[in-house]
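**Student:** Shown below is the structure under consideration.
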Amino acid sequence: MNLWDAMTGNDLTREWKAFGVRAEKLPADHRAAWEQIQAHLLPYGDFTGRNLMPILDGALGLLEETAADGRTVQEVLGDDIPGFCAALAGGEGARTFRDRWRAQLNRNVARKLSRLGG
């Protein structure tokens with residue numbers, strides 16, 4: 001990856017398009033699971049989402065293998081896709097971008113209040 005791609009996100013755009021091409025080849029139920037995985041993993045991403053790319057690549061690879069083996073999504077992922085995504089992102093209770101922003105806001109407010117108090 002060169003500097004220009006990192007600054008503009010061109011590399012991410014190429015990866016998302018490649019994910020889309022790969023996902024189109026999946027059976028309908030696997031494709032639906034892929035859409036759910038994306039939706040449930042995105043809150044765990046950083047500002048650019050770059051940290052999720054290897055996780056998404058692995059999840060899509062798992063769905064591709066599952067489809068090739070003729071197994072159902074439920075056999076591999078179970079019925080709790082949000083829980084599966086939380087486990088992929090670092091376990092139950094993993095911090096989302098909202099949690100990180102809330103903690104930063106709380107620190108900033110506490111710092112401002114401590115300045116005002118004395």
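Residues in the structure tokens are named by chain (A, B, ... in the order shown) and by number from 1 within that chain; ligands are numbered from 1 in the order shown.
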Using only C-alpha atoms, which residues sit within 9 Å of Leu63 (chain A) once same-chain residues fewer than 6 positions away are excluded, as a list in words?
**Tutor:**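 My reading of the contact set: Ala23, Leu26, His30, Arg31, Ala33, Trp34, Val73 and Val76 of chain A.
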**Student:** Dump N, CA and C atoms for the selected residues as an mmCIF file, in the first residue's frame?
**Tutor:**
```
data_model
loop_
_atom_site.group_PDB
_atom_site.id
_atom_site.type_symbol
_atom_site.label_atom_id
_atom_site.label_comp_id
_atom_site.auth_asym_id
_atom_site.auth_seq_id
_atom_site.Cartn_x
_atom_site.Cartn_y
_atom_site.Cartn_z
ATOM 1 N N ALA A 23 -18.748 -12.290 -2.541
ATOM 2 C CA ALA A 23 -20.029 -12.565 -1.891
ATOM 3 C C ALA A 23 -21.124 -12.882 -2.898
ATOM 4 N N LEU A 26 -21.762 -16.534 -3.543
ATOM 5 C CA LEU A 26 -22.296 -17.366 -2.471
ATOM 6 C C LEU A 26 -23.764 -17.680 -2.696
ATOM 7 N N HIS A 30 -26.089 -17.878 2.507
ATOM 8 C CA HIS A 30 -24.739 -17.475 2.902
ATOM 9 C C HIS A 30 -24.524 -15.983 2.643
ATOM 10 N N ARG A 31 -25.087 -15.501 1.550
ATOM 11 C CA ARG A 31 -24.983 -14.071 1.231
ATOM 12 C C ARG A 31 -25.730 -13.236 2.276
ATOM 13 N N ALA A 33 -26.180 -14.098 5.380
ATOM 14 C CA ALA A 33 -25.338 -14.134 6.586
ATOM 15 C C ALA A 33 -24.177 -13.155 6.446
ATOM 16 N N TRP A 34 -23.615 -13.043 5.258
ATOM 17 C CA TRP A 34 -22.518 -12.098 5.007
ATOM 18 C C TRP A 34 -22.987 -10.669 5.262
ATOM 19 N N VAL A 73 -25.385 -22.315 6.984
ATOM 20 C CA VAL A 73 -24.849 -21.231 7.801
ATOM 21 C C VAL A 73 -25.045 -21.540 9.280
ATOM 22 N N VAL A 76 -22.415 -23.703 10.983
ATOM 23 C CA VAL A 76 -21.110 -23.101 11.230
ATOM 24 C C VAL A 76 -21.208 -21.907 12.183
#
```
**Student:** DSSP on the backbone, alpha helix (DSSP H) only: what residues of region 9-58 of chain A does that give? Format it as a ChimeraX atom specification.
**Tutor:** /A:10-24,28-41,53-58
**Student:** Would you mind exporting C-alpha atoms of the selected residues as a CSV table (one decimal), in the first residue's frame?
**Tutor:**
```csv
chain,number,residue,atom,x,y,z
A,10,ASN,CA,-8.4,3.6,-2.4
A,11,ASP,CA,-7.1,0.3,-1.0
A,12,LEU,CA,-10.2,-0.1,1.1
A,13,THR,CA,-12.5,0.6,-1.8
A,14,ARG,CA,-10.7,-2.1,-3.8
A,15,GLU,CA,-11.0,-4.5,-0.9
A,16,TRP,CA,-14.8,-3.8,-0.5
A,17,LYS,CA,-15.4,-4.3,-4.2
A,18,ALA,CA,-13.4,-7.6,-4.0
A,19,PHE,CA,-15.6,-8.7,-1.1
A,20,GLY,CA,-18.7,-7.9,-3.1
A,21,VAL,CA,-17.5,-10.0,-6.0
A,22,ARG,CA,-16.7,-12.9,-3.8
A,23,ALA,CA,-20.0,-12.6,-1.9
A,24,GLU,CA,-22.1,-12.6,-5.1
A,28,ALA,CA,-28.5,-16.8,-1.0
A,29,ASP,CA,-28.5,-17.9,2.7
A,30,HIS,CA,-24.7,-17.5,2.9
A,31,ARG,CA,-25.0,-14.1,1.2
A,32,ALA,CA,-27.6,-13.0,3.8
A,33,ALA,CA,-25.3,-14.1,6.6
A,34,TRP,CA,-22.5,-12.1,5.0
A,35,GLU,CA,-24.7,-9.0,5.0
A,36,GLN,CA,-25.5,-9.6,8.7
A,37,ILE,CA,-21.9,-10.1,9.6
A,38,GLN,CA,-20.9,-6.8,7.9
A,39,ALA,CA,-23.7,-4.9,9.7
A,40,HIS,CA,-22.8,-6.4,13.1
A,41,LEU,CA,-19.0,-5.9,12.7
A,53,MET,CA,-10.6,-5.9,6.8
A,54,PRO,CA,-8.7,-9.0,7.9
A,55,ILE,CA,-11.6,-10.1,10.1
A,56,LEU,CA,-14.1,-9.6,7.3
A,57,ASP,CA,-11.8,-11.4,4.9
A,58,GLY,CA,-11.7,-14.4,7.3
```
**Student:** Which residue out of A:Gly117, A:Gly9, A:Pro27, A:Gly83 has the minimum interatomic distance to Gly70 (chain A) when only C-alpha atoms are used?
**Tutor:**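 The closest residue to Gly70 (chain A) is A:Pro27.
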